[in-house]
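Q: Please find my_file19.tsv (TSV, C-alpha atoms) on the next line:
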chain	number	residue	atom	x	y	z
L	24	ASN	CA	4.66	20.18	-1.16
L	25	ALA	CA	6.61	17.13	-2.35
L	26	GLY	CA	4.96	14.53	-0.09
L	27	VAL	CA	7.11	11.38	-0.03
L	28	THR	CA	10.27	11.24	-2.12
L	29	GLN	CA	12.23	8.06	-2.80
L	30	THR	CA	15.69	7.74	-4.27
L	31	PRO	CA	16.91	6.13	-6.44
L	32	LYS	CA	14.09	5.24	-8.87
L	33	PHE	CA	15.95	2.36	-10.50
L	34	ARG	CA	18.96	0.28	-9.52
L	35	VAL	CA	20.68	-2.87	-10.68
L	36	LEU	CA	22.86	-4.70	-8.16
L	37	LYS	CA	25.05	-7.73	-8.36
L	38	THR	CA	24.50	-10.50	-5.83
L	39	GLY	CA	26.33	-9.67	-2.63
L	40	GLN	CA	26.47	-5.91	-3.17
L	41	SER	CA	24.94	-3.50	-0.68
L	42	MET	CA	22.83	-0.41	-1.12
L	43	THR	CA	20.64	2.06	0.76
L	44	LEU	CA	17.26	3.35	-0.34
L	45	LEU	CA	16.32	6.78	0.95
L	46	CYS	CA	12.82	7.95	1.79
L	47	ALA	CA	12.06	11.54	2.75
L	48	GLN	CA	8.71	13.06	3.73
L	49	ASP	CA	7.83	16.69	4.34
L	50	MET	CA	4.44	16.18	6.00
L	51	ASN	CA	5.71	15.88	9.57
L	52	HIS	CA	4.31	12.36	9.86
L	53	GLU	CA	5.39	10.21	12.77
L	54	TYR	CA	4.79	6.84	11.12
L	55	MET	CA	6.80	5.65	8.13
L	56	TYR	CA	6.90	2.28	6.34
L	57	TRP	CA	8.82	0.27	3.79
L	58	TYR	CA	6.90	-2.17	1.56
L	59	ARG	CA	7.94	-4.43	-1.26
L	60	GLN	CA	5.63	-5.29	-4.11
L	61	ASP	CA	5.94	-8.46	-6.16
L	62	PRO	CA	3.57	-9.69	-8.89
L	63	GLY	CA	0.50	-11.36	-7.40
L	64	MET	CA	1.66	-10.74	-3.81
L	65	GLY	CA	0.31	-7.30	-3.10
L	66	LEU	CA	2.24	-4.98	-0.79
L	67	ARG	CA	4.20	-6.65	2.01
L	68	LEU	CA	5.54	-4.71	4.97
L	69	ILE	CA	9.31	-4.95	5.49
L	70	HIS	CA	9.96	-2.59	8.40
L	71	TYR	CA	8.25	0.41	9.90
L	72	SER	CA	8.86	3.26	12.33
L	73	VAL	CA	6.50	4.98	14.75
L	74	GLY	CA	8.80	7.94	15.33
L	75	GLU	CA	12.32	9.30	15.21
L	76	GLY	CA	14.82	6.80	16.58
L	77	THR	CA	12.40	3.84	16.50
L	78	THR	CA	12.12	0.91	14.09
L	79	ALA	CA	10.24	-2.39	14.08
L	80	LYS	CA	9.98	-5.50	11.93
L	81	GLY	CA	7.12	-6.12	9.55
L	82	GLU	CA	6.05	-9.25	7.69
L	83	VAL	CA	9.21	-9.82	5.61
L	84	PRO	CA	12.19	-8.20	7.42
L	85	ASP	CA	14.93	-10.76	6.68
L	86	GLY	CA	17.83	-9.38	4.68
L	87	TYR	CA	16.94	-5.74	5.33
L	88	ASN	CA	17.84	-3.14	7.92
L	89	VAL	CA	16.39	0.31	8.54
L	90	SER	CA	17.22	3.50	10.37
L	91	ARG	CA	15.20	6.57	11.34
L	92	LEU	CA	17.74	9.07	12.63
L	93	LYS	CA	15.63	12.07	11.59
L	94	LYS	CA	11.85	12.29	11.63
L	95	GLN	CA	11.64	13.12	7.96
L	96	ASN	CA	13.94	10.34	6.71
L	97	PHE	CA	13.59	6.56	6.71
L	98	LEU	CA	16.42	4.51	5.20
L	99	LEU	CA	16.22	0.92	3.97
L	100	GLY	CA	19.47	-1.01	3.67
L	101	LEU	CA	20.38	-4.23	1.91
L	102	GLU	CA	23.70	-5.49	3.28
L	103	SER	CA	24.21	-8.38	0.86
L	104	ALA	CA	21.71	-8.32	-1.99
L	105	ALA	CA	20.16	-11.57	-3.24
L	106	PRO	CA	18.14	-12.25	-6.42
L	107	SER	CA	15.08	-12.86	-4.19
L	108	GLN	CA	15.20	-9.16	-3.29
L	109	THR	CA	14.43	-8.15	-6.85
L	110	SER	CA	11.25	-6.16	-6.39
L	111	VAL	CA	9.63	-2.75	-6.41
L	112	TYR	CA	10.07	-0.99	-3.07
L	113	PHE	CA	7.66	1.62	-1.79
L	114	CYS	CA	8.06	3.93	1.14
L	115	ALA	CA	4.98	5.41	2.80
L	116	SER	CA	4.09	7.74	5.63
L	117	SER	CA	0.74	7.90	7.36
L	118	GLY	CA	-1.47	10.82	8.14
L	119	HIS	CA	-5.04	10.43	6.93
L	120	GLY	CA	-4.37	7.33	4.90
L	121	TYR	CA	-0.95	6.39	3.62
L	122	THR	CA	1.01	8.56	1.19
L	123	PHE	CA	3.37	6.50	-0.95
L	124	GLY	CA	6.56	7.46	-2.68
L	125	SER	CA	6.97	6.79	-6.39
L	126	GLY	CA	8.87	3.55	-5.81
L	127	THR	CA	12.31	2.07	-6.45
L	128	ARG	CA	12.64	-0.71	-8.98
L	129	LEU	CA	15.52	-2.92	-7.83
L	130	THR	CA	16.98	-5.78	-9.84
L	131	VAL	CA	19.56	-8.10	-8.30
L	132	VAL	CA	21.49	-10.18	-10.82
O	3	GLN	CA	-3.80	-12.47	8.24
O	4	GLN	CA	-3.89	-10.98	4.81
O	5	PRO	CA	-7.39	-9.85	3.77
O	6	VAL	CA	-8.93	-11.65	0.82
O	7	GLN	CA	-10.11	-9.61	-2.13
O	8	SER	CA	-12.60	-10.68	-4.76
O	9	PRO	CA	-12.77	-10.80	-7.65
O	10	GLN	CA	-9.11	-11.02	-8.63
O	11	ALA	CA	-9.81	-9.25	-11.90
O	12	VAL	CA	-12.75	-7.69	-13.72
O	13	ILE	CA	-13.26	-6.22	-17.17
O	14	LEU	CA	-16.03	-3.69	-17.72
O	15	ARG	CA	-17.24	-1.39	-20.42
O	16	GLU	CA	-17.30	2.31	-19.71
O	17	GLY	CA	-20.46	3.23	-17.81
O	18	GLU	CA	-20.92	-0.13	-16.11
O	19	ASP	CA	-20.79	-0.67	-12.36
O	20	ALA	CA	-18.32	-2.72	-10.32
O	21	VAL	CA	-18.11	-4.03	-6.78
O	22	ILE	CA	-14.85	-5.14	-5.16
O	23	ASN	CA	-14.98	-7.05	-1.90
O	24	CYS	CA	-12.49	-7.35	0.95
O	25	SER	CA	-12.83	-9.92	3.74
O	26	SER	CA	-10.82	-10.47	6.88
O	27	SER	CA	-10.63	-13.39	9.29
O	28	LYS	CA	-10.07	-11.11	12.29
O	29	ALA	CA	-11.87	-8.22	13.93
O	30	LEU	CA	-11.18	-4.92	12.21
O	31	TYR	CA	-10.73	-1.37	13.39
O	32	SER	CA	-10.60	0.18	9.95
O	33	VAL	CA	-10.33	-0.54	6.25
O	34	HIS	CA	-8.40	1.50	3.70
O	35	TRP	CA	-8.86	1.50	-0.06
O	36	TYR	CA	-6.14	2.41	-2.60
O	37	ARG	CA	-5.88	2.48	-6.36
O	38	GLN	CA	-2.65	1.83	-8.23
O	39	LYS	CA	-2.17	2.52	-11.91
O	40	HIS	CA	0.45	0.58	-13.82
O	41	GLY	CA	3.97	1.75	-13.00
O	42	GLU	CA	2.79	4.21	-10.38
O	43	ALA	CA	2.45	4.32	-6.60
O	44	PRO	CA	-0.76	3.38	-4.79
O	45	VAL	CA	-3.03	6.34	-4.16
O	46	PHE	CA	-5.26	6.64	-1.10
O	47	LEU	CA	-9.01	6.61	-1.88
O	48	MET	CA	-10.74	6.41	1.47
O	49	ILE	CA	-10.72	5.02	4.98
O	50	LEU	CA	-13.64	3.45	6.81
O	51	LEU	CA	-13.75	3.10	10.57
O	52	LYS	CA	-15.79	0.49	12.41
O	53	GLY	CA	-19.39	1.54	12.78
O	54	GLY	CA	-20.76	0.29	9.48
O	55	GLU	CA	-20.51	3.64	7.76
O	56	GLN	CA	-20.50	4.16	4.06
O	57	LYS	CA	-18.25	6.79	2.61
O	58	GLY	CA	-17.36	8.08	-0.76
O	59	HIS	CA	-17.52	10.87	-3.21
O	60	GLU	CA	-19.10	11.14	-6.62
O	61	LYS	CA	-19.14	7.70	-8.16
O	62	ILE	CA	-16.76	5.81	-5.87
O	63	SER	CA	-18.03	4.75	-2.46
O	64	ALA	CA	-17.42	2.02	0.09
O	65	SER	CA	-19.11	0.28	2.99
O	66	PHE	CA	-17.77	-1.48	6.06
O	67	ASN	CA	-19.63	-4.25	7.87
O	68	GLU	CA	-17.65	-4.82	11.06
O	69	LYS	CA	-19.81	-7.78	12.14
O	70	LYS	CA	-18.93	-9.64	8.96
O	71	GLN	CA	-15.41	-8.15	8.87
O	72	GLN	CA	-16.01	-7.15	5.28
O	73	SER	CA	-15.74	-4.05	3.17
O	74	SER	CA	-16.95	-3.39	-0.36
O	75	LEU	CA	-15.86	-0.74	-2.84
O	76	TYR	CA	-18.52	0.46	-5.30
O	77	LEU	CA	-17.64	2.08	-8.61
O	78	THR	CA	-20.70	3.34	-10.45
O	79	ALA	CA	-20.86	4.42	-14.08
O	80	SER	CA	-17.19	3.53	-14.45
O	81	GLN	CA	-14.86	5.79	-16.41
O	82	LEU	CA	-11.70	4.88	-18.32
O	83	SER	CA	-9.69	6.61	-15.59
O	84	TYR	CA	-10.91	4.03	-13.05
O	85	SER	CA	-8.70	1.34	-14.58
O	86	GLY	CA	-5.99	0.04	-12.28
O	87	THR	CA	-5.45	-2.31	-9.38
O	88	TYR	CA	-7.47	-1.74	-6.23
O	89	PHE	CA	-6.08	-2.74	-2.86
O	90	CYS	CA	-7.85	-2.94	0.45
O	91	GLY	CA	-5.81	-2.66	3.62
O	92	THR	CA	-7.01	-3.66	7.06
O	93	LEU	CA	-6.05	-2.69	10.61
O	94	GLY	CA	-6.94	-4.62	13.75
O	95	ASN	CA	-6.62	-1.58	16.00
O	96	ARG	CA	-5.82	2.11	15.74
O	97	ASP	CA	-2.07	1.68	16.23
O	98	ASP	CA	-1.77	-1.32	13.94
O	99	LYS	CA	-0.05	-1.44	10.56
O	100	ILE	CA	-1.98	-1.93	7.36
O	101	ILE	CA	-2.01	-5.43	5.93
O	102	PHE	CA	-2.86	-5.24	2.24
O	103	GLY	CA	-4.81	-7.68	0.14
O	104	LYS	CA	-3.38	-9.00	-3.11
O	105	GLY	CA	-5.41	-6.55	-5.17
O	106	THR	CA	-8.19	-6.56	-7.77
O	107	ARG	CA	-7.31	-5.62	-11.33
O	108	LEU	CA	-9.97	-3.49	-12.99
O	109	HIS	CA	-9.88	-2.83	-16.72
O	110	ILE	CA	-12.37	-0.46	-18.30
O	111	LEU	CA	-13.00	-0.77	-22.03
O	112	PRO	CA	-14.27	2.16	-24.11
Would you encode the structure as structure tokens?

A:
Amino acid sequence: NAGVTQTPKFRVLKTGQSMTLLCAQDMNHEYMYWYRQDPGMGLRLIHYSVGEGTTAKGEVPDGYNVSRLKKQNFLLGLESAAPSQTSVYFCASSGHGYTFGSGTRLTVV
Amino acid sequence: QQPVQSPQAVILREGEDAVINCSSSKALYSVHWYRQKHGEAPVFLMILLKGGEQKGHEKISASFNEKKQQSSLYLTASQLSYSGTYFCGTLGNRDDKIIFGKGTRLHILP
């Protein structure tokens, strides 16, 4: 049972480039989330989904888009990366408590 | 309305006790507690629902005072493996999303 799997684990982007982060869960959870974690800021919610085909904005959605075409997958997209998006990104799904993926460390130069 | 955690950091010797507090300015439905070790993902510890219950297992427990909108995490006879950053997360209702505090760094010395 893999739980929540995130890919890639590390990525370096140049300003203006785009990329997609993939999150996959095998626990049949309806709710999925994308957070970013910056030093001293805790975990801040970017976007979330309450089921297949649904998405909603969290606390810090600007500059990101998401899609939930299949129940098990939740994609986070950066259309035009900026240095301010340098962060560690965590995906999570919720059953009894949240299960987090291992994270993606993104650097935008 | 991000919950406020205190203290921000604490250093203990192995075997000592610690209390981490989490306060919210709004009414709460539940409080979650997570631990994150350096370079790893947060790991779920426990959830407390309104009703003032205290939960836990072995030497890590927590309480939830819904009237005061506060929760406390208790670590007794701390072990080296308890080191990490502890986050509380609060929900205003059952269908809400967790809002996390900024975390409390706990360092256990041998």

Q: Can you check which parts of chain L lie within 10 Å of chain O? Per residue, the shortest pair of atoms and distance in Å to one decimal, counting only C-alpha atoms, sorted by chain and number, as CSV.

A:
residue,atom,partner,partner_atom,distance
L:Tyr54,CA,O:Lys99,CA,9.6
L:Tyr56,CA,O:Lys99,CA,8.9
L:Gln60,CA,O:Lys104,CA,9.8
L:Asp61,CA,O:Lys104,CA,9.8
L:Pro62,CA,O:Lys104,CA,9.1
L:Gly63,CA,O:Lys104,CA,6.2
L:Met64,CA,O:Lys104,CA,5.4
L:Gly65,CA,O:Lys104,CA,4.1
L:Leu66,CA,O:Phe102,CA,5.9
L:Arg67,CA,O:Phe102,CA,7.2
L:Leu68,CA,O:Ile101,CA,7.6
L:Tyr71,CA,O:Lys99,CA,8.5
L:Val73,CA,O:Asp97,CA,9.3
L:Gly81,CA,O:Lys99,CA,8.6
L:Glu82,CA,O:Ile101,CA,9.1
L:Val111,CA,O:Gly41,CA,9.8
L:Tyr112,CA,O:Ala43,CA,9.9
L:Phe113,CA,O:Ala43,CA,7.6
L:Cys114,CA,O:Ala43,CA,9.6
L:Ala115,CA,O:Pro44,CA,9.7
L:Ser117,CA,O:Lys99,CA,9.9
L:His119,CA,O:Ile49,CA,8.1
L:Gly120,CA,O:Phe46,CA,6.1
L:Tyr121,CA,O:Phe46,CA,6.4
L:Thr122,CA,O:Phe46,CA,6.9
L:Phe123,CA,O:Ala43,CA,6.1
L:Gly124,CA,O:Ala43,CA,6.5
L:Ser125,CA,O:Ala43,CA,5.2
L:Gly126,CA,O:Ala43,CA,6.5
L:Arg128,CA,O:Gly41,CA,9.9

Q: Tell me, as a count of residues only, which residues lie within 9 Å of Leu36 of chain L, counting all atoms listed in the file; anything in the same chain fewer than 2 positions away does not count.

A: 12

Q: Between atom CA of Leu14 of chain O and atom CA of Leu111 of chain O, measure the distance and give it in Å to one decimal.

A: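 Result for atom CA of Leu14 of chain O versus atom CA of Leu111 of chain O: 6.0 Å, one decimal.
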
Q: Find the residues near segment 21-32 of chain O: any atom within 9 Å, counting only C-alpha atoms, skip ones fewer than 6 places away on the same chain, and give them as a count of residues only.

A: 36

Q: What is the distance between atom CA of Glu18 of chain O and atom CA of Lys61 of chain O, in Å to one decimal?

A: 11.3 Å

Q: Hey, what's within 7 Å of segment 47-50 of chain L if we count all atoms listed in the file and toss same-chain stuff fewer than 5 positions away? As a list of chain:residue names, please?

A: L:Ala25, L:Gly26, L:Val27, L:Thr28, L:Gln29, L:Gln95, L:Asn96, L:Phe97

Q: Once 4 Å is added on each side, what centre and edge lengths in Å to one decimal does the axis-aligned box around all listed atoms of segment 82-90 of chain L have, as AutoDock Vina command-line options?

A:
--center_x 11.9 --center_y -3.6 --center_z 7.5 --size_x 19.8 --size_y 22.3 --size_z 13.7

Q: Provide the atom CA of Ser90 of chain L to atom CA of Tyr58 of chain L distance in Å, to one decimal place.

A: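 Separation of atom CA of Ser90 of chain L and atom CA of Tyr58 of chain L: 14.7 Å.
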
Q: Give the answer as one residue: which of O:Gln81, O:Gln38, O:Arg107, O:Asn67 has the shortest atom-to-atom distance to Val12 of chain O, using only C-alpha atoms?

A: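 Smallest separation from Val12 of chain O among the options: O:Arg107.
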
Q: Residues within 8 Å of Val89 of chain L, please, as an NGL selection string. Count all atoms listed in the file; anything in the same chain fewer than 6 positions from it doesn't count.

A: :L and (70 or 78 or 97-100)

Q: Give me the residues within 8 Å of Thr30 of chain L as a PyMOL selection string, counting only C-alpha atoms and dropping any in the same chain fewer than 3 places off.

A: chain L and resi 44-46+127

Q: For Lys37 of chain L, which residue out of L:Gly118, L:Leu101, L:Asp85, L:His52 is the nearest one, using all atoms listed in the file?

A: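 Checking each of L:Gly118, L:Leu101, L:Asp85, L:His52 against Lys37 of chain L, counting all atoms listed in the file, the winner is L:Leu101.
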
Q: Assuming the input is short of atoms at segment 60-88 of chain L, produce N, CA and C atoms for that part as a short mmCIF file (atom, residue, chain, number, x, y, z; two decimals), keeping the file's coordinate frame.

A:
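File rebuild.cif, as written:
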data_model
loop_
_atom_site.label_atom_id
_atom_site.label_comp_id
_atom_site.auth_asym_id
_atom_site.auth_seq_id
_atom_site.Cartn_x
_atom_site.Cartn_y
_atom_site.Cartn_z
N GLN L 60 6.75 -4.84 -3.31
CA GLN L 60 5.63 -5.29 -4.11
C GLN L 60 6.13 -6.23 -5.19
N ASP L 61 5.61 -7.44 -5.18
CA ASP L 61 5.94 -8.46 -6.16
C ASP L 61 4.67 -8.89 -6.85
N PRO L 62 4.76 -9.31 -8.12
CA PRO L 62 3.57 -9.69 -8.89
C PRO L 62 2.72 -10.73 -8.15
N GLY L 63 1.43 -10.42 -8.02
CA GLY L 63 0.50 -11.36 -7.40
C GLY L 63 0.57 -11.44 -5.89
N MET L 64 1.47 -10.64 -5.27
CA MET L 64 1.66 -10.74 -3.81
C MET L 64 1.11 -9.53 -3.07
N GLY L 65 0.74 -8.50 -3.78
CA GLY L 65 0.31 -7.30 -3.10
C GLY L 65 1.49 -6.56 -2.49
N LEU L 66 1.21 -5.76 -1.49
CA LEU L 66 2.24 -4.98 -0.79
C LEU L 66 2.55 -5.65 0.55
N ARG L 67 3.81 -5.98 0.76
CA ARG L 67 4.20 -6.65 2.01
C ARG L 67 5.12 -5.74 2.81
N LEU L 68 4.82 -5.62 4.10
CA LEU L 68 5.54 -4.71 4.97
C LEU L 68 6.90 -5.29 5.37
N ILE L 69 7.95 -4.51 5.16
CA ILE L 69 9.31 -4.95 5.49
C ILE L 69 9.66 -4.50 6.91
N HIS L 70 9.71 -3.20 7.11
CA HIS L 70 9.96 -2.59 8.40
C HIS L 70 9.14 -1.31 8.50
N TYR L 71 8.96 -0.84 9.73
CA TYR L 71 8.25 0.41 9.90
C TYR L 71 8.82 1.16 11.11
N SER L 72 8.39 2.41 11.24
CA SER L 72 8.86 3.26 12.33
C SER L 72 7.70 4.10 12.85
N VAL L 73 7.58 4.18 14.16
CA VAL L 73 6.50 4.98 14.75
C VAL L 73 7.01 6.33 15.23
N GLY L 74 8.27 6.64 14.97
CA GLY L 74 8.80 7.94 15.33
C GLY L 74 10.31 7.95 15.22
N GLU L 75 10.87 9.14 15.31
CA GLU L 75 12.32 9.30 15.21
C GLU L 75 13.03 8.39 16.21
N GLY L 76 14.02 7.66 15.72
CA GLY L 76 14.82 6.80 16.58
C GLY L 76 14.22 5.43 16.84
N THR L 77 13.05 5.14 16.28
CA THR L 77 12.40 3.84 16.50
C THR L 77 12.26 3.08 15.19
N THR L 78 12.39 1.76 15.24
CA THR L 78 12.12 0.91 14.09
C THR L 78 11.54 -0.40 14.60
N ALA L 79 10.82 -1.09 13.72
CA ALA L 79 10.24 -2.39 14.08
C ALA L 79 10.11 -3.24 12.84
N LYS L 80 10.05 -4.57 13.04
CA LYS L 80 9.98 -5.50 11.93
C LYS L 80 8.54 -5.64 11.45
N GLY L 81 8.41 -5.83 10.14
CA GLY L 81 7.12 -6.12 9.55
C GLY L 81 7.00 -7.58 9.20
N GLU L 82 6.32 -7.86 8.09
CA GLU L 82 6.05 -9.25 7.69
C GLU L 82 7.28 -9.94 7.11
N VAL L 83 8.10 -9.21 6.35
CA VAL L 83 9.21 -9.82 5.61
C VAL L 83 10.51 -9.05 5.86
N PRO L 84 11.03 -9.04 7.09
CA PRO L 84 12.19 -8.20 7.42
C PRO L 84 13.55 -8.79 7.09
N ASP L 85 13.63 -10.11 6.84
CA ASP L 85 14.93 -10.76 6.68
C ASP L 85 15.70 -10.22 5.49
N GLY L 86 16.97 -9.88 5.73
CA GLY L 86 17.83 -9.38 4.68
C GLY L 86 17.83 -7.87 4.54
N TYR L 87 17.05 -7.21 5.39
CA TYR L 87 16.94 -5.74 5.33
C TYR L 87 17.21 -5.13 6.70
N ASN L 88 17.74 -3.90 6.69
CA ASN L 88 17.84 -3.14 7.92
C ASN L 88 17.35 -1.73 7.65
#
